[in-house]
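Q: Structure file entry-v6.cif (mmCIF, C-alpha atoms) right here:
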data_upload
loop_
_atom_site.label_atom_id
_atom_site.label_comp_id
_atom_site.auth_asym_id
_atom_site.auth_seq_id
_atom_site.Cartn_x
_atom_site.Cartn_y
_atom_site.Cartn_z
CA MET A 1 -42.55 58.93 -17.74
CA LEU A 2 -43.18 62.62 -18.32
CA GLU A 3 -44.24 62.98 -14.69
CA THR A 4 -40.99 61.39 -13.53
CA LEU A 5 -39.03 63.73 -15.79
CA ILE A 6 -40.79 66.81 -14.41
CA TYR A 7 -40.24 65.73 -10.81
CA GLY A 8 -36.60 64.89 -11.53
CA LEU A 9 -35.96 68.26 -13.17
CA LEU A 10 -37.61 70.21 -10.36
CA VAL A 11 -35.90 68.31 -7.56
CA GLY A 12 -32.54 68.43 -9.36
CA ALA A 13 -32.88 72.17 -9.88
CA ALA A 14 -33.74 72.61 -6.20
CA ILE A 15 -30.62 70.70 -5.14
CA PHE A 16 -28.55 72.73 -7.63
CA SER A 17 -29.92 75.96 -6.15
CA ALA A 18 -29.11 74.75 -2.65
CA ILE A 19 -25.52 73.95 -3.70
CA GLN A 20 -25.20 77.38 -5.33
CA SER A 21 -26.54 78.96 -2.15
CA LEU A 22 -23.80 77.16 -0.24
CA ARG A 23 -21.06 78.11 -2.73
CA ALA A 24 -22.09 81.74 -3.31
CA ASP A 25 -19.39 84.24 -2.44
CA SER A 26 -21.79 86.93 -1.23
CA LEU A 27 -24.59 86.63 1.27
CA LEU A 28 -27.05 88.40 -1.01
CA ARG A 29 -26.57 85.85 -3.79
CA SER A 30 -26.88 83.09 -1.24
CA ALA A 31 -30.24 84.46 -0.09
CA ILE A 32 -31.47 84.74 -3.71
CA TRP A 33 -30.49 81.12 -4.43
CA LEU A 34 -32.34 80.13 -1.25
CA ALA A 35 -35.45 81.84 -2.59
CA GLY A 36 -34.98 79.76 -5.76
CA VAL A 37 -34.93 76.58 -3.68
CA SER A 38 -38.15 77.69 -2.03
CA VAL A 39 -39.91 78.41 -5.34
CA LEU A 40 -38.91 75.06 -6.87
CA LEU A 41 -39.92 73.13 -3.77
CA SER A 42 -43.28 74.88 -3.64
CA ILE A 43 -43.95 73.68 -7.22
CA VAL A 44 -43.03 70.12 -6.20
CA ILE A 45 -45.27 70.37 -3.13
CA TYR A 46 -48.12 71.61 -5.33
CA LEU A 47 -47.65 68.68 -7.69
CA LEU A 48 -47.70 66.31 -4.73
CA GLY A 49 -51.22 67.48 -3.91
CA ALA A 50 -50.73 70.02 -1.13
CA PRO A 51 -51.62 73.42 -2.63
CA GLN A 52 -52.14 75.17 0.71
CA VAL A 53 -48.65 74.35 1.94
CA ALA A 54 -47.26 75.27 -1.48
CA VAL A 55 -48.82 78.73 -1.26
CA ILE A 56 -47.56 79.26 2.28
CA GLU A 57 -44.08 78.06 1.35
CA LEU A 58 -44.03 80.35 -1.68
CA SER A 59 -45.24 83.44 0.15
CA VAL A 60 -43.37 82.92 3.40
CA GLY A 61 -40.28 81.02 2.27
CA ALA A 62 -39.61 82.88 -0.95
CA GLY A 63 -41.15 86.22 -0.03
CA LEU A 64 -41.02 87.16 3.63
CA VAL A 65 -37.86 85.32 4.60
CA THR A 66 -35.96 86.65 1.56
CA VAL A 67 -36.95 90.21 2.40
CA LEU A 68 -35.82 89.67 5.98
CA PHE A 69 -32.52 88.23 4.76
CA VAL A 70 -31.89 91.21 2.49
CA PHE A 71 -32.68 93.58 5.37
CA ALA A 72 -30.38 91.71 7.77
CA ILE A 73 -27.56 91.57 5.22
CA SER A 74 -27.86 95.28 4.46
CA VAL A 75 -27.69 96.10 8.17
CA ALA A 76 -25.07 93.60 9.30
CA GLY A 77 -22.85 93.51 6.22
CA GLY A 78 -21.47 90.44 4.54
CA GLU A 79 -17.88 90.14 5.61
CA GLY A 80 -16.16 86.95 6.71
CA ILE A 81 -17.95 84.70 4.25
CA GLY A 82 -14.79 83.34 2.67
CA GLU A 83 -13.18 82.20 5.91
CA ARG A 84 -11.85 78.70 6.19
CA SER A 85 -14.13 76.29 7.99
CA LEU A 86 -13.26 75.02 11.43
CA VAL A 87 -14.20 71.45 10.54
CA PRO A 88 -11.86 69.83 7.98
CA LYS A 89 -13.73 69.44 4.69
CA PRO A 90 -12.90 65.71 4.24
CA LEU A 91 -14.34 65.05 7.69
CA ALA A 92 -17.46 67.05 6.81
CA TRP A 93 -17.84 65.14 3.53
CA GLY A 94 -17.42 61.82 5.38
CA LEU A 95 -20.11 62.74 7.88
CA ILE A 96 -22.47 63.85 5.12
CA VAL A 97 -21.98 60.68 3.08
CA PHE A 98 -22.42 58.52 6.17
CA SER A 99 -25.63 60.25 7.25
CA GLY A 100 -26.94 60.21 3.68
CA LEU A 101 -26.31 56.48 3.38
CA LEU A 102 -28.05 55.90 6.72
CA LEU A 103 -31.03 57.96 5.55
CA ILE A 104 -31.27 56.10 2.24
CA TYR A 105 -30.91 52.75 4.01
CA PHE A 106 -33.77 53.49 6.37
CA VAL A 107 -36.08 55.22 3.93
CA LEU A 108 -35.65 53.66 0.50
CA PRO A 109 -37.40 51.73 -0.86
CA ILE A 110 -40.72 52.35 0.81
CA ARG A 111 -42.23 48.94 1.49
CA THR A 112 -45.44 49.82 3.31
CA SER A 113 -48.21 51.65 1.60
CA ILE A 114 -51.09 52.72 3.78
CA SER A 115 -54.04 53.33 1.54
CA SER A 116 -56.42 54.75 4.10
CA VAL A 117 -57.59 57.88 2.40
CA SER A 118 -59.09 60.21 4.96
CA ASP A 119 -62.30 61.88 3.89
CA THR A 120 -62.02 64.89 6.16
CA SER A 121 -60.81 68.25 4.95
CA LEU A 122 -57.71 70.20 5.80
CA THR A 123 -59.85 72.68 7.70
CA ALA A 124 -61.20 69.97 10.01
CA VAL A 125 -57.76 68.48 10.62
CA PHE A 126 -56.09 71.84 11.11
CA TRP A 127 -58.65 73.52 13.36
CA GLU A 128 -60.06 70.53 15.26
CA ASP A 129 -57.64 67.61 15.36
CA ARG A 130 -54.45 69.67 15.57
CA SER A 131 -55.67 72.50 17.76
CA LEU A 132 -52.63 72.19 20.02
CA ASP A 133 -50.45 72.93 17.01
CA LEU A 134 -52.44 76.11 16.45
CA LEU A 135 -51.89 77.14 20.06
CA VAL A 136 -48.17 76.50 19.69
CA GLN A 137 -48.10 78.57 16.50
CA VAL A 138 -49.81 81.50 18.22
CA VAL A 139 -47.37 81.34 21.13
CA LEU A 140 -44.44 81.07 18.72
CA ILE A 141 -45.50 84.08 16.69
CA TYR A 142 -46.15 86.13 19.83
CA SER A 143 -42.84 85.20 21.44
CA GLY A 144 -41.05 85.76 18.14
CA VAL A 145 -42.42 89.29 17.82
CA LEU A 146 -41.62 90.08 21.46
CA GLY A 147 -38.13 88.63 21.09
CA LEU A 148 -37.55 90.59 17.91
CA VAL A 149 -38.61 93.85 19.52
CA GLY A 150 -36.43 93.14 22.55
CA ILE A 151 -33.39 92.14 20.56
CA LEU A 152 -33.53 94.87 17.97
CA ALA A 153 -34.06 97.63 20.54
CA GLU A 154 -31.16 100.03 20.77
CA ALA A 155 -28.99 99.21 23.77
CA LYS A 156 -28.80 102.06 26.30
CA ALA A 157 -25.51 103.10 27.84
CA PRO A 158 -24.94 101.47 31.23
CA LEU A 159 -25.44 103.69 34.30
CA GLN A 160 -22.27 104.93 35.93
CA GLN A 161 -23.80 104.95 39.45
CA SER A 162 -26.98 103.90 41.19
CA MET A 163 -30.33 105.14 39.93
CA VAL A 164 -30.93 107.41 42.99
CA ASP A 165 -27.56 109.13 42.59
CA GLU A 166 -28.15 109.45 38.87
CA VAL A 167 -31.49 111.21 39.38
CA ALA A 168 -30.06 113.46 42.12
CA ALA A 169 -27.15 114.48 39.92
CA GLU A 170 -29.52 115.23 37.07
CA ARG A 171 -31.68 117.46 39.29
CA GLU A 172 -28.56 119.20 40.52
CA ARG A 173 -27.52 119.95 36.95
CA ASP A 174 -31.01 121.25 36.13
CA LEU A 175 -30.98 123.57 39.17
CA GLN A 176 -27.58 124.95 38.22
CA GLU A 177 -28.78 125.63 34.69
CA MET A 178 -31.86 127.42 36.05
CA GLU A 179 -29.70 129.58 38.32
CA ILE A 180 -27.47 130.50 35.44
CA THR A 181 -30.36 131.45 33.21
CA ALA A 182 -32.26 133.25 35.99
CA VAL A 183 -29.65 135.92 36.72
CA PRO A 184 -31.62 139.11 37.54
CA GLU A 185 -31.17 141.81 35.05
CA VAL A 186 -29.69 144.96 36.47
CA ASP A 187 -31.56 148.06 35.48
CA PRO A 188 -29.31 150.55 33.79
CA PRO A 189 -28.73 153.72 35.88
CA ILE A 190 -30.90 156.56 34.87
CA MET B 1 -35.47 50.87 -7.62
CA ASN B 2 -38.14 52.47 -9.74
CA PHE B 3 -38.03 56.22 -10.11
CA SER B 4 -41.52 57.06 -9.00
CA PRO B 5 -42.25 60.68 -7.98
CA VAL B 6 -42.20 59.71 -4.31
CA ASN B 7 -38.76 58.13 -4.61
CA ILE B 8 -37.44 61.13 -6.52
CA CYS B 9 -38.75 63.45 -3.80
CA LEU B 10 -37.11 61.31 -1.12
CA LEU B 11 -33.82 61.50 -3.01
CA GLY B 12 -34.32 65.26 -3.14
CA VAL B 13 -34.87 65.31 0.63
CA THR B 14 -31.62 63.38 1.08
CA GLY B 15 -29.72 65.79 -1.17
CA LEU B 16 -31.08 68.90 0.53
CA VAL B 17 -30.33 67.48 3.99
CA ALA B 18 -26.78 66.71 2.84
CA VAL B 19 -26.25 70.24 1.50
CA GLY B 20 -27.72 71.79 4.66
CA PHE B 21 -25.60 69.67 7.00
CA TYR B 22 -22.45 70.36 5.01
CA GLY B 23 -23.18 74.07 5.11
CA LEU B 24 -23.79 73.99 8.85
CA LEU B 25 -20.51 72.17 9.41
CA THR B 26 -18.32 74.34 7.20
CA THR B 27 -19.85 77.84 7.45
CA ARG B 28 -18.57 80.43 9.89
CA ASN B 29 -20.81 83.36 8.98
CA LEU B 30 -23.84 83.68 11.26
CA ILE B 31 -26.30 84.74 8.56
CA LYS B 32 -25.16 81.91 6.31
CA VAL B 33 -25.74 79.46 9.17
CA VAL B 34 -29.36 80.65 9.24
CA ILE B 35 -29.59 80.16 5.45
CA MET B 36 -28.33 76.59 5.79
CA LEU B 37 -30.89 75.96 8.55
CA GLN B 38 -33.56 77.15 6.11
CA ILE B 39 -32.42 74.58 3.54
CA LEU B 40 -32.63 71.84 6.16
CA VAL B 41 -36.16 72.85 7.12
CA LYS B 42 -37.25 72.99 3.48
CA ALA B 43 -36.04 69.41 3.12
CA THR B 44 -38.13 68.52 6.15
CA VAL B 45 -41.25 70.10 4.69
CA LEU B 46 -40.75 68.24 1.41
CA GLY B 47 -40.28 64.99 3.33
CA LEU B 48 -43.48 65.54 5.30
CA ILE B 49 -45.56 66.21 2.19
CA THR B 50 -44.01 63.23 0.39
CA ALA B 51 -44.84 60.98 3.33
CA GLY B 52 -48.40 62.28 3.38
CA ASN B 53 -48.75 61.69 -0.33
CA LYS B 54 -47.52 58.13 0.03
CA SER B 55 -49.54 57.21 3.09
CA GLY B 56 -52.80 58.92 2.13
CA GLN B 57 -52.74 61.17 5.21
CA LEU B 58 -52.02 64.34 3.27
CA TYR B 59 -54.22 66.62 5.38
CA LEU B 60 -52.43 65.60 8.56
CA THR B 61 -48.97 66.16 7.10
CA GLN B 62 -50.08 69.46 5.58
CA SER B 63 -51.06 70.77 8.99
CA MET B 64 -47.72 69.57 10.40
CA ALA B 65 -45.87 71.23 7.53
CA ILE B 66 -47.63 74.54 8.20
CA THR B 67 -46.51 74.35 11.84
CA VAL B 68 -42.95 73.61 10.74
CA ILE B 69 -42.94 76.59 8.34
CA VAL B 70 -44.19 78.95 11.06
CA ALA B 71 -41.61 77.73 13.57
CA ASP B 72 -38.86 77.92 10.97
CA THR B 73 -39.74 81.50 10.08
CA ILE B 74 -39.64 82.53 13.74
CA VAL B 75 -36.26 80.81 14.11
CA ALA B 76 -34.94 82.67 11.06
CA VAL B 77 -36.21 86.02 12.32
CA ILE B 78 -34.72 85.56 15.78
CA GLY B 79 -31.45 84.26 14.30
CA MET B 80 -31.10 87.29 12.04
CA ALA B 81 -31.92 89.64 14.92
CA PHE B 82 -29.19 87.95 16.94
CA ALA B 83 -26.79 88.35 14.03
CA ILE B 84 -27.55 92.07 13.71
CA GLN B 85 -27.16 92.63 17.46
CA ILE B 86 -23.91 90.61 17.57
CA ARG B 87 -22.58 92.66 14.65
CA ARG B 88 -23.36 95.84 16.59
CA GLN B 89 -21.90 94.68 19.89
CA VAL B 90 -18.91 92.57 18.82
CA GLY B 91 -18.25 93.93 15.37
CA THR B 92 -18.03 90.61 13.54
CA LEU B 93 -20.24 87.83 12.23
CA ASP B 94 -17.54 85.16 12.38
CA THR B 95 -18.59 82.43 14.80
CA ASN B 96 -14.96 81.71 15.63
CA ASP B 97 -14.43 85.20 17.05
CA LEU B 98 -17.56 85.32 19.17
CA SER B 99 -16.50 83.15 22.08
CA SER B 100 -14.84 84.99 24.96
CA LEU B 101 -13.80 81.74 26.63
CA ARG B 102 -10.12 80.90 26.57
CA GLY B 103 -8.37 77.67 27.42
#
Taking this structure as input, can you express it in the form of structure tokens?

A:
Amino acid sequence: MLETLIYGLLVGAAIFSAIQSLRADSLLRSAIWLAGVSVLLSIVIYLLGAPQVAVIELSVGAGLVTVLFVFAISVAGGEGIGERSLVPKPLAWGLIVFSGLLLIYFVLPIRTSISSVSDTSLTAVFWEDRSLDLLVQVVLIYSGVLGLVGILAEAKAPLQQSMVDEVAAERERDLQEMEITAVPEVDPPI
Amino acid sequence: MNFSPVNICLLGVTGLVAVGFYGLLTTRNLIKVVIMLQILVKATVLGLITAGNKSGQLYLTQSMAITVIVADTIVAVIGMAFAIQIRRQVGTLDTNDLSSLRG
């Protein structure tokens, strides 16, 4: 009974934080409420018996992503958050209720219970059985870093003419500057 | 229906998915769209761990959840970089003003 109460409180608080993140009138508050969702869910995940995922969710979801959000909001600004939505809200609510009912219909109650408890460790599963996942993660992180560097690079001004003409004009300007600075000094008459 | 921890977590997954979908449908700010995507992915991670707890395959679902978290973080980073670059180039974060197509 106490266990059910704890789970209910944590999950309810997570949903409340998510709703507050949706309703917040500034992007910064929205990001902070999202970090709250992450913290509460990591506690639930820990209670469900997955401490490794809970730690990763807490450090990445509540730490790294929140810092990135604060950075992005400080750079990009937070205007336009109170605009009216393009989709009518009754239609959105109808779609949400319909998809929620479908989800509940297919998921609850759980009839099958597979009780095959695997005796391997997370290390064996993660590094041996799911090695393709690891490869995908490495590629994802690498492509993410490359994409981030490419996207955040300052855009250069487009060239007005072809590269050859641009270089020739630049050399011409350099030569003219050298001629101007290299005017021979006239010795004063003695 | 008995309110076991697994059922409560599945109800939580349903609620978080509903909030995330509603936010995706009604939000016009690019950064807030990324925040709503984060809520959806958190619901997915909770669903994976709940399924692993119920089925006894917790190690397998933990490794899947780690992959999902990594992919989600990369998506968030790239999404925010796009938002910053769009703000620099176009001057707005409103998704309605971004399209240059007319007709």

Q: Output as a ChimeraX atom specification the set of chain B residues within 6 Å of chain A, with distances taken over only C-alpha atoms.

A: /B:5,12,16,18,26-27,29,55-56,59,63,74,84,87

Q: Tell me, in Å to one decimal, how far atom CA of B:Asn7 is from atom CA of B:Leu37.

A: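 Atom CA of B:Leu37 lies 23.5 Å from atom CA of B:Asn7.
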
Q: Using the chain letters and residue numbers of this document, give as a list in words the residues selected by the PyMOL selection byres ((chain B and resi 40) around 9).

A: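 So the PyMOL selection byres ((chain B and resi 40) around 9), applied here, picks out Val13, Leu16, Val17, Ala18, Val19, Gly20, Phe21, Ile35, Met36, Leu37, Gln38, Ile39, Val41, Lys42, Ala43, Thr44 and Val45 of chain B.
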
Q: Taking all listed atoms of stretch 45-55 of chain A, build the axis-aligned box, pad each of the six sides by 6 Å, then write its centre and edge lengths in Å to one decimal as lines of an AutoDock Vina configuration file.

A:
center_x = -48.7
center_y = 72.5
center_z = -2.9
size_x = 18.9
size_y = 24.4
size_z = 21.6

Q: In terms of the shortest atom-to-atom distance over all atoms listed in the file, which of B:Thr67, B:Leu10, B:Val75, B:Ile31 is closest to A:Val70?

A: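 The answer is B:Ile31, which sits nearest to A:Val70.
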